[in-house]
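A.B. asks: Following this line is query.txt, made up of compact mmCIF, C-alpha atoms:
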# COMPACT_ATOMS: atom_id res chain seq x y z
CA MET Y 1 -0.14 -29.86 -12.83
CA ILE Y 2 0.70 -26.45 -11.50
CA ALA Y 3 -0.56 -23.53 -13.56
CA ASP Y 4 1.98 -21.08 -14.88
CA GLU Y 5 1.84 -17.32 -14.85
CA PRO Y 6 0.49 -16.83 -18.39
CA SER Y 7 -2.30 -19.38 -17.81
CA LEU Y 8 -3.30 -17.78 -14.51
CA SER Y 9 -3.25 -14.31 -16.06
CA ARG Y 10 -5.44 -15.51 -18.90
CA LEU Y 11 -7.90 -17.14 -16.49
CA MET Y 12 -8.02 -14.00 -14.38
CA ALA Y 13 -8.64 -11.79 -17.39
CA LEU Y 14 -11.54 -14.06 -18.39
CA SER Y 15 -12.82 -14.02 -14.81
CA GLN Y 16 -12.87 -10.23 -14.75
CA ARG Y 17 -15.14 -10.45 -17.79
CA GLY Y 18 -17.49 -12.78 -15.92
CA ASP Y 19 -16.43 -16.23 -17.23
CA ARG Y 20 -17.46 -18.59 -14.42
CA GLN Y 21 -15.77 -21.68 -15.80
CA ALA Y 22 -12.46 -19.86 -16.04
CA TYR Y 23 -13.01 -18.49 -12.57
CA ARG Y 24 -13.59 -21.94 -11.06
CA ALA Y 25 -10.37 -23.17 -12.65
CA LEU Y 26 -8.52 -20.08 -11.45
CA LEU Y 27 -9.73 -20.39 -7.87
CA SER Y 28 -8.89 -24.07 -7.79
CA GLU Y 29 -5.34 -23.37 -8.98
CA CYS Y 30 -5.02 -20.49 -6.53
CA GLN Y 31 -6.15 -22.74 -3.70
CA GLY Y 32 -3.30 -25.15 -4.43
CA TRP Y 33 -0.81 -22.35 -4.91
CA LEU Y 34 -1.79 -20.73 -1.61
CA GLU Y 35 -1.58 -24.02 0.29
CA ARG Y 36 1.99 -24.43 -0.91
CA TYR Y 37 2.75 -20.77 -0.27
CA PHE Y 38 1.59 -20.80 3.34
CA ARG Y 39 2.60 -24.33 4.33
CA ARG Y 40 5.73 -23.53 6.31
CA ARG Y 41 4.46 -20.33 7.88
CA VAL Y 42 1.02 -21.27 9.09
CA ALA Y 43 0.04 -23.95 11.59
CA PRO Y 44 -1.76 -26.76 9.73
CA ALA Y 45 -4.93 -26.20 11.75
CA GLN Y 46 -5.18 -22.65 10.41
CA LEU Y 47 -4.07 -23.31 6.84
CA ASP Y 48 -7.49 -23.97 5.34
CA ASP Y 49 -9.05 -20.96 7.01
CA LEU Y 50 -6.30 -18.66 5.77
CA VAL Y 51 -6.46 -20.02 2.22
CA GLN Y 52 -10.22 -19.51 2.15
CA GLU Y 53 -9.80 -16.01 3.52
CA VAL Y 54 -7.40 -15.14 0.70
CA LEU Y 55 -9.75 -16.65 -1.89
CA MET Y 56 -12.54 -14.44 -0.57
CA ALA Y 57 -10.21 -11.43 -0.68
CA LEU Y 58 -9.29 -12.32 -4.26
CA HIS Y 59 -13.00 -12.40 -5.11
CA ALA Y 60 -13.80 -9.10 -3.40
CA LYS Y 61 -10.79 -7.30 -4.87
CA ARG Y 62 -10.63 -8.92 -8.30
CA ALA Y 63 -11.04 -5.57 -10.03
CA THR Y 64 -7.73 -4.38 -8.57
CA TRP Y 65 -5.71 -6.72 -10.77
CA ASP Y 66 -4.49 -4.85 -13.82
CA PRO Y 67 -4.55 -7.20 -16.87
CA GLY Y 68 -1.38 -5.51 -18.08
CA ARG Y 69 0.60 -6.83 -15.12
CA PRO Y 70 1.52 -10.34 -13.88
CA PHE Y 71 -0.97 -12.21 -11.75
CA LEU Y 72 1.14 -14.05 -9.17
CA PRO Y 73 2.83 -10.97 -7.64
CA TRP Y 74 -0.69 -9.54 -7.16
CA LEU Y 75 -1.93 -12.73 -5.52
CA ALA Y 76 1.21 -12.92 -3.36
CA ALA Y 77 0.70 -9.36 -2.11
CA ILE Y 78 -2.86 -10.18 -1.07
CA ALA Y 79 -1.69 -13.44 0.51
CA ARG Y 80 1.04 -11.67 2.49
CA TYR Y 81 -1.39 -8.97 3.64
CA ARG Y 82 -3.88 -11.54 4.89
CA TRP Y 83 -1.09 -13.58 6.49
CA VAL Y 84 0.20 -10.62 8.51
CA ASP Y 85 -3.39 -9.93 9.51
CA HIS Y 86 -3.73 -13.55 10.51
CA LEU Y 87 -0.58 -13.39 12.66
CA ARG Y 88 -1.89 -10.33 14.42
CA ARG Y 89 -4.91 -12.18 15.69
CA LEU Y 90 -4.07 -13.93 18.89
CA TYR Y 91 -4.81 -17.58 18.78
CA ARG Y 92 -3.83 -20.67 20.58
CA GLY Y 93 -5.33 -24.04 19.91
CA GLU Y 94 -4.40 -27.62 19.47
CA GLU Y 95 -1.32 -27.16 17.33
CA ASP Y 96 0.35 -29.80 15.25
CA GLU Y 97 4.00 -29.65 14.37
CA LEU Y 98 4.60 -27.71 11.20
CA ALA Y 99 5.32 -29.81 8.17
CA ASP Y 100 9.01 -29.96 7.49
CA HIS Y 101 9.11 -29.16 3.84
CA ASP Y 102 9.77 -26.12 1.77
CA ALA Y 103 6.93 -24.76 -0.36
CA ALA Y 104 9.30 -22.96 -2.66
CA GLU Y 105 11.23 -26.13 -3.49
CA ASP Y 106 8.44 -28.33 -4.78
CA SER Y 107 7.21 -25.93 -7.39
CA GLU Y 108 8.20 -25.39 -11.01
CA GLU Y 109 8.35 -21.69 -10.30
CA ASP Y 110 11.05 -21.70 -7.67
CA ALA Y 111 12.64 -18.44 -8.68
CA VAL Y 112 9.40 -16.49 -8.81
CA LEU Y 113 8.10 -18.01 -5.61
CA ALA Y 114 11.36 -17.40 -3.79
CA ARG Y 115 11.14 -13.69 -4.53
CA MET Y 116 7.58 -13.56 -3.22
CA SER Y 117 7.89 -16.06 -0.37
CA LEU Y 118 7.01 -15.40 3.22
CA GLU Y 119 10.51 -16.46 4.26
CA ARG Y 120 11.81 -13.51 2.25
CA LEU Y 121 9.94 -11.15 4.57
CA PHE Y 122 11.52 -12.63 7.70
CA VAL Y 123 14.99 -11.87 6.31
CA HIS Y 124 14.33 -8.19 7.05
CA LEU Y 125 13.53 -8.77 10.72
CA PRO Y 126 16.00 -9.20 13.59
CA GLY Y 127 16.36 -12.81 14.71
CA LYS Y 128 14.70 -12.24 18.06
CA GLN Y 129 11.58 -10.81 16.43
CA VAL Y 130 11.38 -13.74 14.02
CA GLN Y 131 11.80 -16.19 16.89
CA ALA Y 132 9.10 -14.54 19.01
CA ILE Y 133 6.63 -14.47 16.10
CA GLU Y 134 7.33 -18.07 15.12
CA LEU Y 135 6.91 -19.41 18.65
CA VAL Y 136 3.79 -17.47 19.63
CA LYS Y 137 1.99 -16.71 16.37
CA ILE Y 138 2.85 -19.76 14.30
CA GLU Y 139 3.52 -22.57 16.78
CA GLY Y 140 0.88 -21.24 19.17
CA LEU Y 141 2.90 -21.13 22.40
CA SER Y 142 1.88 -18.79 25.19
CA ILE Y 143 4.07 -15.80 25.96
CA THR Y 144 5.41 -17.58 29.05
CA GLU Y 145 6.18 -20.77 27.16
CA ALA Y 146 7.87 -18.84 24.39
CA SER Y 147 9.89 -16.91 26.94
CA HIS Y 148 11.18 -20.15 28.49
CA ARG Y 149 11.88 -21.70 25.11
CA CYS Y 150 13.88 -18.82 23.63
CA GLY Y 151 15.38 -17.25 26.73
CA GLN Y 152 13.86 -13.81 26.14
CA SER Y 153 11.94 -12.15 28.97
CA GLU Y 154 8.15 -12.12 28.62
CA SER Y 155 8.21 -8.37 28.02
CA ALA Y 156 10.85 -8.81 25.34
CA VAL Y 157 8.73 -11.48 23.61
CA LYS Y 158 5.74 -9.13 23.57
CA VAL Y 159 7.78 -6.19 22.32
CA ASN Y 160 9.46 -8.30 19.65
CA ILE Y 161 6.11 -9.61 18.40
CA HIS Y 162 4.65 -6.12 18.29
CA ARG Y 163 7.62 -4.60 16.48
CA GLY Y 164 8.04 -7.57 14.19
CA LEU Y 165 4.42 -7.55 13.03
CA LYS Y 166 4.54 -3.81 12.49
CA ARG Y 167 7.63 -4.25 10.34
CA LEU Y 168 6.07 -7.15 8.41
CA ALA Y 169 3.02 -5.04 7.62
CA ALA Y 170 5.27 -2.42 6.06
CA LEU Y 171 7.10 -5.00 3.93
CA VAL Y 172 4.18 -6.69 2.19
CA GLU Y 173 5.13 -5.50 -1.31
CA LYS Y 174 8.87 -5.95 -0.87
CA ALA Y 175 10.43 -8.39 -3.32
CA GLU Y 176 14.11 -8.46 -2.37
CA MET X 177 -4.67 -27.75 -16.52
CA THR X 178 -6.07 -30.36 -14.15
CA MET X 179 -7.74 -30.06 -10.82
CA ASN X 180 -6.90 -32.99 -8.59
CA ARG X 181 -8.59 -31.76 -5.46
CA LEU X 182 -11.78 -32.20 -3.59
CA PRO X 183 -14.70 -29.96 -4.55
CA ASN X 184 -14.61 -26.78 -2.53
CA PRO X 185 -18.04 -25.30 -1.75
CA LEU X 186 -16.47 -21.88 -1.29
CA ILE X 187 -15.14 -21.93 -4.85
CA ASP X 188 -18.58 -22.87 -6.16
CA ALA X 189 -20.17 -20.08 -4.14
CA LEU X 190 -17.66 -17.49 -5.33
CA ALA X 191 -18.01 -18.63 -8.94
CA ASP X 192 -21.81 -18.41 -8.70
CA ASP X 193 -21.44 -14.90 -7.34
CA LEU X 194 -19.13 -13.80 -10.14
CA ALA X 195 -20.07 -10.67 -12.05
CA PRO X 196 -17.96 -8.83 -14.63
CA VAL X 197 -15.79 -6.05 -13.24
CA ARG X 198 -13.90 -3.22 -14.85
CA PRO X 199 -10.21 -3.46 -13.91
CA MET X 200 -8.90 -0.55 -11.86
CA THR X 201 -6.06 0.73 -14.01
CA ALA X 202 -3.59 3.36 -12.89
CA ARG X 203 -4.64 5.48 -15.86
CA ALA X 204 -8.22 5.67 -14.57
CA GLY X 205 -7.03 6.60 -11.07
CA LEU X 206 -4.77 9.34 -12.40
CA ALA X 207 -7.62 10.68 -14.52
CA TRP X 208 -9.69 11.05 -11.35
CA VAL X 209 -6.86 12.93 -9.65
CA ALA X 210 -6.43 15.20 -12.67
CA ALA X 211 -10.17 15.92 -12.65
CA ALA X 212 -10.01 16.75 -8.93
CA LEU X 213 -7.10 19.14 -9.53
CA ALA X 214 -8.92 20.80 -12.42
CA ALA X 215 -12.06 21.23 -10.30
CA THR X 216 -9.97 22.69 -7.48
CA LEU X 217 -8.35 25.17 -9.87
CA VAL X 218 -11.79 26.25 -11.10
CA ALA X 219 -12.93 26.72 -7.49
CA VAL X 220 -9.82 28.78 -6.68
CA GLU X 221 -10.41 30.93 -9.77
CA LEU X 222 -14.02 31.51 -8.76
CA LEU X 223 -13.34 32.16 -5.07
CA HIS X 224 -10.00 33.99 -5.13
CA GLY X 225 -9.08 34.53 -8.76
CA LEU X 226 -5.86 33.09 -10.14
CA TRP X 227 -2.91 35.51 -10.31
CA HIS X 228 -3.07 36.30 -14.00
CA GLY X 229 -0.02 38.55 -13.65
CA ALA X 230 2.09 35.45 -13.19
CA PHE X 231 1.12 34.30 -16.65
CA ALA X 232 2.02 37.76 -18.02
CA GLY X 233 5.62 37.52 -16.83
CA GLU X 234 5.24 39.41 -13.53
CA ALA X 235 6.22 36.51 -11.27
CA ASP X 236 9.68 35.92 -9.91
CA PRO X 237 11.19 32.69 -11.32
CA LEU X 238 11.08 31.30 -7.79
CA PHE X 239 7.26 31.34 -8.01
CA TRP X 240 7.40 28.87 -10.89
CA ILE X 241 10.21 26.84 -9.38
CA ALA X 242 8.34 26.43 -6.07
CA ASN X 243 5.03 25.56 -7.69
CA GLY X 244 6.77 23.31 -10.20
CA LEU X 245 8.45 21.32 -7.42
CA LEU X 246 5.16 21.07 -5.54
CA LEU X 247 3.42 19.90 -8.70
CA LEU X 248 6.09 17.26 -9.19
CA LEU X 249 5.69 16.06 -5.61
CA GLY X 250 1.90 16.00 -6.02
CA ALA X 251 2.12 14.02 -9.26
CA ALA X 252 4.66 11.52 -7.87
CA SER X 253 2.69 10.99 -4.67
CA ALA X 254 -0.64 10.73 -6.46
CA ALA X 255 0.78 8.18 -8.92
CA SER X 256 2.16 6.17 -6.01
CA ALA X 257 -1.11 6.26 -4.06
CA VAL X 258 -3.09 5.29 -7.17
CA ARG X 259 -0.79 2.33 -7.86
CA MET X 260 -1.10 1.18 -4.27
CA ALA X 261 -4.74 0.33 -4.92
CA GLY X 262 -3.47 -2.56 -7.02
CA PRO X 263 -0.94 -4.38 -4.82
CA ARG X 264 2.00 -6.32 -6.15
CA VAL X 265 5.05 -7.90 -4.60
CA GLY X 266 7.85 -5.93 -6.18
CA ASN X 267 6.08 -2.56 -6.24
CA ARG X 268 8.38 0.28 -5.27
CA HIS X 269 7.16 3.64 -4.11
CA GLU X 270 10.31 5.74 -3.96
CA ALA X 271 9.51 8.64 -6.30
CA PRO X 272 7.62 10.65 -3.64
CA ARG X 273 10.61 10.38 -1.31
CA TRP X 274 12.91 12.09 -3.81
CA ALA X 275 10.32 14.66 -4.79
CA LEU X 276 9.76 15.43 -1.10
CA ALA X 277 13.50 15.88 -0.62
CA ALA X 278 13.50 18.36 -3.51
CA VAL X 279 10.58 20.30 -2.00
CA ALA X 280 12.33 20.34 1.38
CA VAL X 281 14.97 22.58 -0.20
CA LEU X 282 12.39 25.39 -0.33
CA PRO X 283 12.07 25.96 3.45
CA LEU X 284 15.84 25.64 3.75
CA ALA X 285 16.23 28.30 1.07
CA ALA X 286 13.70 30.46 2.91
CA LEU X 287 15.65 30.06 6.13
CA ALA X 288 18.93 30.91 4.42
CA THR X 289 17.36 33.99 2.84
CA VAL X 290 16.04 35.25 6.16
CA LEU X 291 19.28 34.57 8.03
CA SER X 292 21.46 36.23 5.41
CA ASP X 293 19.32 39.36 5.13
CA ALA X 294 19.58 41.40 8.32
CA GLY X 295 16.76 43.69 7.20
CA ALA X 296 14.29 40.90 6.56
CA GLY X 297 11.57 40.38 9.14
CA SER X 298 10.68 37.01 10.56
CA PRO X 299 8.69 34.94 8.07
CA LEU X 300 6.57 33.83 11.01
CA HIS X 301 5.17 37.37 11.14
CA ASP X 302 4.01 37.20 7.54
CA PRO X 303 0.44 38.62 7.68
CA TYR X 304 -0.68 36.40 4.79
CA GLY X 305 1.13 33.25 5.84
CA VAL X 306 -1.49 31.50 7.94
CA LYS X 307 -4.21 32.35 5.44
CA CYS X 308 -2.19 30.84 2.60
CA ALA X 309 -1.46 27.68 4.59
CA LEU X 310 -5.10 27.18 5.58
CA ALA X 311 -6.38 27.92 2.08
CA SER X 312 -3.89 25.40 0.64
CA LEU X 313 -5.13 22.77 3.08
CA ALA X 314 -8.72 23.53 2.10
CA ALA X 315 -7.73 23.19 -1.57
CA ALA X 316 -6.29 19.75 -0.76
CA GLY X 317 -9.70 18.42 0.26
CA LEU X 318 -11.10 17.25 -3.05
CA THR X 319 -7.92 15.43 -4.12
CA ALA X 320 -7.79 13.74 -0.72
CA VAL X 321 -11.39 12.58 -1.03
CA VAL X 322 -10.79 11.21 -4.53
CA LEU X 323 -7.65 9.31 -3.50
CA VAL X 324 -9.23 7.86 -0.37
CA ALA X 325 -12.25 6.74 -2.40
CA TRP X 326 -9.92 5.14 -4.95
CA LEU X 327 -7.95 3.32 -2.25
CA ARG X 328 -11.16 2.13 -0.56
CA ARG X 329 -12.21 0.52 -3.85
CA GLY X 330 -8.76 -0.94 -4.22
CA ALA X 331 -6.67 -3.33 -2.17
CA PRO X 332 -3.84 -1.33 -0.59
CA VAL X 333 -1.50 -3.49 1.44
CA SER X 334 0.95 -0.80 2.59
CA LEU X 335 -1.51 1.25 4.58
CA ALA X 336 0.84 3.68 6.29
CA ALA X 337 2.62 4.51 3.05
CA ALA X 338 -0.69 4.79 1.20
CA GLY X 339 -1.91 7.27 3.81
CA PHE X 340 1.29 9.30 3.75
CA HIS X 341 1.39 9.49 -0.04
CA THR X 342 -2.31 10.39 -0.18
CA GLY X 343 -1.68 13.25 2.24
CA LEU X 344 1.40 14.43 0.35
CA ALA X 345 -0.41 14.32 -2.99
CA ALA X 346 -3.45 16.19 -1.70
CA GLY X 347 -1.33 18.73 0.18
CA ALA X 348 1.06 19.40 -2.69
CA LEU X 349 -1.63 19.66 -5.36
CA GLY X 350 -3.76 21.82 -3.04
CA SER X 351 -0.79 24.09 -2.42
CA VAL X 352 -0.19 24.43 -6.16
CA ALA X 353 -3.86 25.14 -6.88
CA TYR X 354 -4.13 27.83 -4.24
CA GLY X 355 -0.56 29.00 -4.88
CA LEU X 356 -1.48 30.05 -8.40
CA SER X 357 -3.76 32.68 -6.84
CA CYS X 358 -1.14 34.03 -4.43
CA PRO X 359 0.91 36.97 -5.79
CA ILE X 360 3.55 36.82 -3.05
CA ASP X 361 6.57 35.33 -4.75
CA GLU X 362 9.22 35.80 -2.06
CA ALA X 363 11.40 32.91 -0.99
CA ALA X 364 10.46 33.14 2.68
CA HIS X 365 6.71 33.16 2.01
CA LEU X 366 6.76 30.39 -0.59
CA GLY X 367 9.28 28.24 1.25
CA ILE X 368 7.42 28.28 4.53
CA TRP X 369 3.73 28.98 4.12
CA HIS X 370 3.22 27.12 0.84
CA VAL X 371 5.27 24.10 1.91
CA LEU X 372 4.05 23.80 5.50
CA PRO X 373 0.57 22.54 4.44
CA VAL X 374 2.21 19.76 2.42
CA PHE X 375 3.97 18.39 5.49
CA VAL X 376 0.84 18.85 7.61
CA ALA X 377 -1.28 17.03 5.03
CA GLY X 378 1.31 14.24 4.73
CA LEU X 379 1.33 13.63 8.47
CA ALA X 380 -2.45 13.88 8.68
CA GLY X 381 -2.74 11.34 5.85
CA ARG X 382 -0.30 9.02 7.57
CA TRP X 383 -2.49 8.85 10.67
CA LEU X 384 -6.02 9.41 9.36
CA VAL X 385 -6.12 7.48 6.08
CA PRO X 386 -5.09 3.91 7.09
CA PRO X 387 -8.23 3.22 9.14
CA LEU X 388 -10.33 4.46 6.20
CA VAL X 389 -8.74 2.18 3.62
CA ARG X 390 -8.09 -0.95 5.68
CA TRP X 391 -9.82 -4.02 4.24
Let's see the structure in the file written out as structure tokens.

C.D. replies:
Amino acid sequence: MIADEPSLSRLMALSQRGDRQAYRALLSECQGWLERYFRRRVAPAQLDDLVQEVLMALHAKRATWDPGRPFLPWLAAIARYRWVDHLRRLYRGEEDELADHDAAEDSEEDAVLARMSLERLFVHLPGKQVQAIELVKIEGLSITEASHRCGQSESAVKVNIHRGLKRLAALVEKAE
Amino acid sequence: MTMNRLPNPLIDALADDLAPVRPMTARAGLAWVAAALAATLVAVELLHGLWHGAFAGEADPLFWIANGLLLLLGAASAASAVRMAGPRVGNRHEAPRWALAAVAVLPLAALATVLSDAGAGSPLHDPYGVKCALASLAAAGLTAVVLVAWLRRGAPVSLAAAGFHTGLAAGALGSVAYGLSCPIDEAAHLGIWHVLPVFVAGLAGRWLVPPLVRW
């Protein structure tokens, strides 16, 4: 079962007061939520690391959630921030193909998730920037390979990644 | 609520490490900013003395309009910076932009005044101008420290905007605090030398604050 917003808010409020049982339940639900949230935009090999990173950020910054406000938009902002950070780090490893399913479609909270999804951020970027980021930062291709695949020059790929990530960083809290 | 997943040692470790925390509410952050402004006003009174004549009706209305607009910009920017400590998808931070546009009318008014008055000297030769600008920047210090400390405790995710709004808030509130001690209530002086430090502080915040509050 996927926890809803009121349940998560209640668990978080209890966690801020030091309730460890509530906190375990909250973190477990957040783990599942984050796995679904990141699935299409993170290579499977990096998914666990990124989810754990966000859980640690949630722990370190748990006082910044205001009990008077919804929980999921707060978690999504932290998740986006860490995701952009993650994309900035150069990496290239043994990459699997990304799973071909949509995180926002298998949840009961489609509407809320859609507003906060990572896909929603890419809408604000030019297509060439999205393509360069997807090929190099998500699929793990080298600049040269990405250049051959998408037809952009190597310099253009680098510039588009740089500008795209800068733009993404400025859009973390954007909902529309 | 069920948990159909494998045990995660990280979750156990984080749960074991859990200690109660006091939520960072916007009200608490704004109280800190208000305290910083009050302390700055006390320091200005002690070091320069506030212009008590202004409170006895001696000031031109423009004195109150200029300081009122700066206060509005400071409040809007401070509220925005404080809220940025608690991130949220859907947060909007547009109030400082409109308040800044309103304040930007002041230098334009100063320019129009100077250009339309053939007898007026250049506002750049104002003997008190640089002193007022530097004193306003100095008066911005405490608010800047308080906001940066608040953001460092928090989880800002829009670092450039957080830095810019921190600078604007500190600069505008510093300009108001020092401005209440300055008896020069002419459009050219207020519009240039009391507004310039706001823009300088905003740009300084934009570049200096993000590395300090990155997490």

A.B. asks: Taking (-8.3, 13.9, -6.6) as a centre in this file's frame and 12 Å as the limit, can you find every polymer residue with an atom that close, using only C-alpha atoms, and give them as JSON, numbers by chain?

C.D. replies: {"X": [204, 205, 206, 207, 208, 209, 210, 211, 212, 213, 214, 215, 216, 217, 250, 251, 253, 254, 255, 257, 258, 315, 316, 317, 318, 319, 320, 321, 322, 323, 324, 325, 326, 327, 342, 343, 344, 345, 346, 347, 348, 349, 350]}

A.B. asks: Set the cut-off to 6 Å and count all atoms listed in the file: what are the residues of chain Y that reach chain X? Output as an MDAnalysis selection string.

C.D. replies: chainID Y and resid 16:18 20 24 63:64 66 73:74 77 81 170 173:175

A.B. asks: Please write out, as AutoDock Vina command-line options, where the centre of an axis-aligned box around all listed atoms of range 250-255 of chain X lies and how long its edges are, in Å to one decimal, after adding 5 Å on each side.

C.D. replies:
--center_x 2.0 --center_y 12.1 --center_z -7.0 --size_x 15.3 --size_y 17.8 --size_z 14.6

A.B. asks: Between Y:Met12, Y:Ala45, Y:Ala146, Y:Leu55, single out the one closest to Trp33 in chain Y, counting only C-alpha atoms.

C.D. replies: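 Smallest distance to Trp33 in chain Y is found for Y:Leu55.
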
A.B. asks: To one decimal place in Å, what is the distance between CA of Leu222 in chain X and CA of Tyr354 in chain X?

C.D. replies: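 One can read the CA of Leu222 in chain X to CA of Tyr354 in chain X distance as 11.5 Å.
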
A.B. asks: For CA of Cys150 in chain Y and CA of Leu135 in chain Y, determine how far apart the two atoms are, in Å to one decimal place.

C.D. replies: 8.6 Å

A.B. asks: What gap, in Å, lies between CA of Arg203 in chain X and CA of Ala338 in chain X?

C.D. replies: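 For CA of Arg203 in chain X relative to CA of Ala338 in chain X, the distance reads 17.5 Å.
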
A.B. asks: Counting only C-alpha atoms, write as a compact mmCIF listing (two decimals) with C-alpha atoms, keeping the file's coordinate frame all protein and nucleic acid residues lying at most 6 Å from (-7.1, -13.8, 2.1) in the file's frame.

C.D. replies:
# COMPACT_ATOMS: atom_id res chain seq x y z
CA GLU Y 53 -9.80 -16.01 3.52
CA VAL Y 54 -7.40 -15.14 0.70
CA LEU Y 55 -9.75 -16.65 -1.89
CA ALA Y 57 -10.21 -11.43 -0.68
CA ALA Y 79 -1.69 -13.44 0.51
CA ARG Y 82 -3.88 -11.54 4.89

A.B. asks: Nearest to Pro237 in chain X among X:Trp369, X:Ala363, X:Ala377, X:Ala219, with distances taken over only C-alpha atoms: which residue is it?

C.D. replies: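 Going through X:Trp369, X:Ala363, X:Ala377, X:Ala219 one by one, the smallest distance to Pro237 in chain X is for X:Ala363.
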
A.B. asks: Nearest residue to Leu246 in chain X out of X:Cys358, X:Leu284, X:Leu366, X:Leu384, using all atoms listed in the file?

C.D. replies: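 Result for the nearest residue to Leu246 in chain X: X:Leu366.
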
A.B. asks: Using all atoms listed in the file, which protein or nucleic acid residues come within 8 Å of Thr289 in chain X? Drop anything in the same chain fewer than 3 positions from it, and give the result as a PyMOL selection string.

C.D. replies: chain X and resi 285-286+292-293+363-364

A.B. asks: Ranking Y:Ala132, Y:Cys30, Y:Leu165, Y:Ala25 by minimum distance to Arg149 in chain Y and counting all atoms listed in the file, which one comes first?

C.D. replies: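 Looking only at the distances to Arg149 in chain Y, the closest residue turns out to be Y:Ala132.
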
A.B. asks: Find the residue from Y:Ser15, Y:Gln31, Y:Asn160, Y:Ser9 that sits nearest to Gln131 in chain Y; use only C-alpha atoms when measuring.

C.D. replies: Y:Asn160

A.B. asks: Name the residues in contact with Ala309 in chain X at a cut-off of 6 Å, using all atoms listed in the file, excluding same-chain residues fewer than 3 positions from it; report them as a count of residues only.

C.D. replies: 4

A.B. asks: For Glu145 in chain Y, list every protein, DNA or RNA residue within 12 Å, evaluated using all atoms listed in the file, and leave out those in the same chain fewer than 4 positions away; present the list as a ChimeraX atom specification.

C.D. replies: /Y:92,132,135-136,139-141,149-154,157

A.B. asks: Neighbours of Arg167 in chain Y within 8 Å (all atoms listed in the file; same-chain residues fewer than 4 positions away dropped), as a list in words?

C.D. replies: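 Those residues are Leu125, Arg163 and Leu171 of chain Y.
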
A.B. asks: Take range 115-119 of chain Y from the block and save it with all heavy atoms, as a compact mmCIF listing (two decimals), in the first residue's frame.

C.D. replies:
# COMPACT_ATOMS: atom_id res chain seq x y z
N ARG Y 115 2.59 16.88 -10.92
CA ARG Y 115 3.00 18.28 -10.70
C ARG Y 115 4.43 18.35 -10.17
O ARG Y 115 5.12 19.32 -10.39
CB ARG Y 115 2.06 18.96 -9.67
CG ARG Y 115 0.75 19.41 -10.25
CD ARG Y 115 -0.06 20.14 -9.21
NE ARG Y 115 0.49 21.46 -8.94
CZ ARG Y 115 0.86 21.89 -7.76
NH1 ARG Y 115 0.78 21.12 -6.71
NH2 ARG Y 115 1.32 23.10 -7.60
N MET Y 116 4.85 17.34 -9.44
CA MET Y 116 6.16 17.39 -8.79
C MET Y 116 7.20 16.54 -9.52
O MET Y 116 8.31 16.42 -9.07
CB MET Y 116 6.03 16.88 -7.35
CG MET Y 116 5.10 17.71 -6.50
SD MET Y 116 5.10 17.22 -4.77
CE MET Y 116 4.43 15.59 -4.85
N SER Y 117 6.82 15.94 -10.66
CA SER Y 117 7.69 14.95 -11.28
C SER Y 117 8.95 15.59 -11.86
O SER Y 117 9.02 16.80 -12.08
CB SER Y 117 6.93 14.22 -12.38
OG SER Y 117 6.73 15.11 -13.46
N LEU Y 118 9.91 14.74 -12.12
CA LEU Y 118 11.14 15.20 -12.75
C LEU Y 118 10.89 15.56 -14.21
O LEU Y 118 11.51 16.47 -14.75
CB LEU Y 118 12.21 14.12 -12.63
CG LEU Y 118 12.56 13.73 -11.19
CD1 LEU Y 118 13.56 12.58 -11.18
CD2 LEU Y 118 13.10 14.91 -10.41
N GLU Y 119 9.98 14.82 -14.84
CA GLU Y 119 9.66 15.10 -16.24
C GLU Y 119 9.19 16.54 -16.40
O GLU Y 119 9.46 17.21 -17.37
CB GLU Y 119 8.55 14.15 -16.75
CG GLU Y 119 9.05 12.77 -17.14
CD GLU Y 119 9.50 11.96 -15.94
OE1 GLU Y 119 9.05 12.27 -14.82
OE2 GLU Y 119 10.31 11.06 -16.11
